[in-house]
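Chemist: Please read through the structure below; I'll follow up with questions.
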Amino acid sequence: MKEVFVNRSLTYLIKNNACKNDQVNTFRYVLESLYSLVSKTGAVLIISIFLNTFKITFISLLLFSILRGFTFGIHASKNAYCWITTIGIYSIFPFLIQRINMTKEFITICYLTVFLSILFFSPSDTPKRPLINKRKRRVNKIISLGIGIIYMLLSFFINTNDFYKIVCFIFMLTSVCINPLTYKIFKVPYNNYKNYYS
């Protein structure tokens with residue numbers, strides 16, 4: 001289904017001069033990413049309706065997507081693995097968020113950990129999408145830290161137990177995705193931009 005969508009979209013774009021021959025790979029990547037985002041998000045939200053976790057799942061997806069847009073981080077090596085991890089994470093964690101308690105001490109440690117993780121490891125690129133531009137890496141780090149601070153302030157302002165837990169969940173997930181140890185465990189190259197410098 002994905003290939004049909006991508007190929008038909010590319011054919012349409014090329015036919016209407018919206019995509020040149022030397023841009024096909026870039027457009028293909030964007031279209032594949034768009035298809036994956038929409039299909040996985042739709043599946044996760046449908047499952048959340050049956051689990052009665054729609055609100056928590058929706059907020060978690062939104063906040064994580066915004067933060068991940070600047071921290072980047074590891075991706076599953078195969079589409080099937082991505083489906084399994086995405087559905088697993090967004091089905092289990094929101095379900096647990098409704099049923100577990102977090103102490104203020106744990107929340108404080110969580111916030112501090114993610115702040116340090118972003119400071120030291122963000123943005124974390126992938127072999128398919130190396131972050132070659134030094135200025136962009138710096139800008140992404142600054143924006144990531146800013147978003148992290150905004151999430152912390154929001155949690156204090158909104159001041160509900162569920163929102164604290166959602167932010168902690170997002171922070172923990174982000175820290176895992178950008179940590180070099182995660183890359184090492186899954187045997188994925190880290191700091192891929194260095195391969196482009198002599």
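As shown in the structure tokens, the chain order sets the letters A, B, ...; within each chain, residues go from 1, and ligands are also counted from 1 in the order they appear.
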For Ile47 in chain A, please output as a ChimeraX atom specification all residues within 10 Å (counting only C-alpha atoms; exclusion window: fewer than 5 positions along the same chain).
Modeler: /A:41-42,52-54,57,87,90-91
Chemist: Just list the residues in chain A DSSP gives strand (DSSP E or B) on the backbone, as a list in words.
Modeler: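 Filtering chain A down to strand (DSSP E or B) leaves Phe72, Ser124, Thr126 and Arg129 of chain A.
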Chemist: Counting only C-alpha atoms, which residue out of A:Thr71, A:Thr103, A:Ser39, A:Asn17 sits closest to Phe115 in chain A?
Modeler: A:Thr71
Chemist: Using only C-alpha atoms, pick whichever of A:Val30, A:Ile14, A:Ala43, A:Leu67 has the shortest atom-to-atom distance to Tyr151 in chain A.
Modeler: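 Checking each of A:Val30, A:Ile14, A:Ala43, A:Leu67 against Tyr151 in chain A, counting only C-alpha atoms, the winner is A:Leu67.
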Chemist: Using only C-alpha atoms, which residues sit within 10 Å of Phe93 in chain A once same-chain residues fewer than 6 positions away are excluded, as a JSON list (two decimals) with N, CA, C and O atoms, in the first residue's frame?
Modeler:
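Done, and the output landed in out_33.json:
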```json
[["chain", "number", "residue", "atom", "x", "y", "z"],
["A", 53, "THR", "N", -7.73, 5.37, 26.29],
["A", 53, "THR", "CA", -6.57, 6.22, 26.61],
["A", 53, "THR", "C", -6.36, 7.28, 25.52],
["A", 53, "THR", "O", -5.26, 7.78, 25.36],
["A", 56, "ILE", "N", -4.76, 10.82, 26.55],
["A", 56, "ILE", "CA", -3.36, 10.69, 26.96],
["A", 56, "ILE", "C", -2.49, 10.34, 25.75],
["A", 56, "ILE", "O", -1.40, 10.91, 25.56],
["A", 57, "THR", "N", -2.96, 9.42, 24.92],
["A", 57, "THR", "CA", -2.20, 9.01, 23.74],
["A", 57, "THR", "C", -2.02, 10.17, 22.77],
["A", 57, "THR", "O", -0.93, 10.40, 22.25],
["A", 60, "SER", "N", 0.44, 12.69, 24.20],
["A", 60, "SER", "CA", 1.79, 12.10, 24.17],
["A", 60, "SER", "C", 2.37, 12.13, 22.76],
["A", 60, "SER", "O", 3.52, 12.50, 22.56],
["A", 99, "ARG", "N", -2.51, 4.38, 35.63],
["A", 99, "ARG", "CA", -2.56, 3.44, 36.75],
["A", 99, "ARG", "C", -1.35, 3.47, 37.69],
["A", 99, "ARG", "O", -1.33, 2.74, 38.68],
["A", 165, "LYS", "N", 2.93, 12.96, 34.36],
["A", 165, "LYS", "CA", 3.33, 11.62, 33.92],
["A", 165, "LYS", "C", 3.52, 11.56, 32.41],
["A", 165, "LYS", "O", 4.42, 10.87, 31.92],
["A", 166, "ILE", "N", 2.68, 12.28, 31.66],
["A", 166, "ILE", "CA", 2.84, 12.32, 30.20],
["A", 166, "ILE", "C", 4.18, 12.94, 29.85],
["A", 166, "ILE", "O", 4.92, 12.43, 28.99],
["A", 169, "PHE", "N", 6.94, 10.56, 30.57],
["A", 169, "PHE", "CA", 6.94, 9.51, 29.55],
["A", 169, "PHE", "C", 7.63, 10.01, 28.29],
["A", 169, "PHE", "O", 8.50, 9.33, 27.71],
["A", 170, "ILE", "N", 7.27, 11.22, 27.85],
["A", 170, "ILE", "CA", 7.88, 11.81, 26.65],
["A", 170, "ILE", "C", 9.38, 12.00, 26.85],
["A", 170, "ILE", "O", 10.18, 11.71, 25.96]]
```
Chemist: Write out as a PyMOL selection string all residues of range 4-193 of chain A that DSSP puts in alpha helix (DSSP H) for this structure's backbone.
Modeler: chain A and resi 4-15+24-51+54-71+79-97+104-121+134-158+161-178+180-185
Chemist: Which one of A:Phe5, A:Tyr12, A:Phe27, A:Phe95 sits closest to Asp162 in chain A if you count only C-alpha atoms?
Modeler: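 For Asp162 in chain A, the nearest of the candidates is A:Phe95.
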Chemist: If we count only C-alpha atoms, what is near Lys40 in chain A at a cut-off of 10 Å, once residues fewer than 3 positions away on the same chain are taken out, given as a list in words?
Modeler: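 Selected residues are Leu34, Tyr35, Ser36, Leu37, Ala43, Val44, Leu45, Ile46, Cys82, Trp83, Thr86 and Ile87 of chain A.
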Chemist: One decimal, Å: what's the distance from CA of Val6 in chain A over to CA of Arg28 in chain A, could you say?
Modeler: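 Rounded to one decimal, the two atoms are 6.6 Å apart.
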Chemist: Could you tell me which of A:Ile185, A:Leu153, A:Val139, A:Cys177 comes closest to His75 in chain A if we count only C-alpha atoms?
Modeler: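 The shortest atom-to-atom distance to His75 in chain A comes from A:Cys177.
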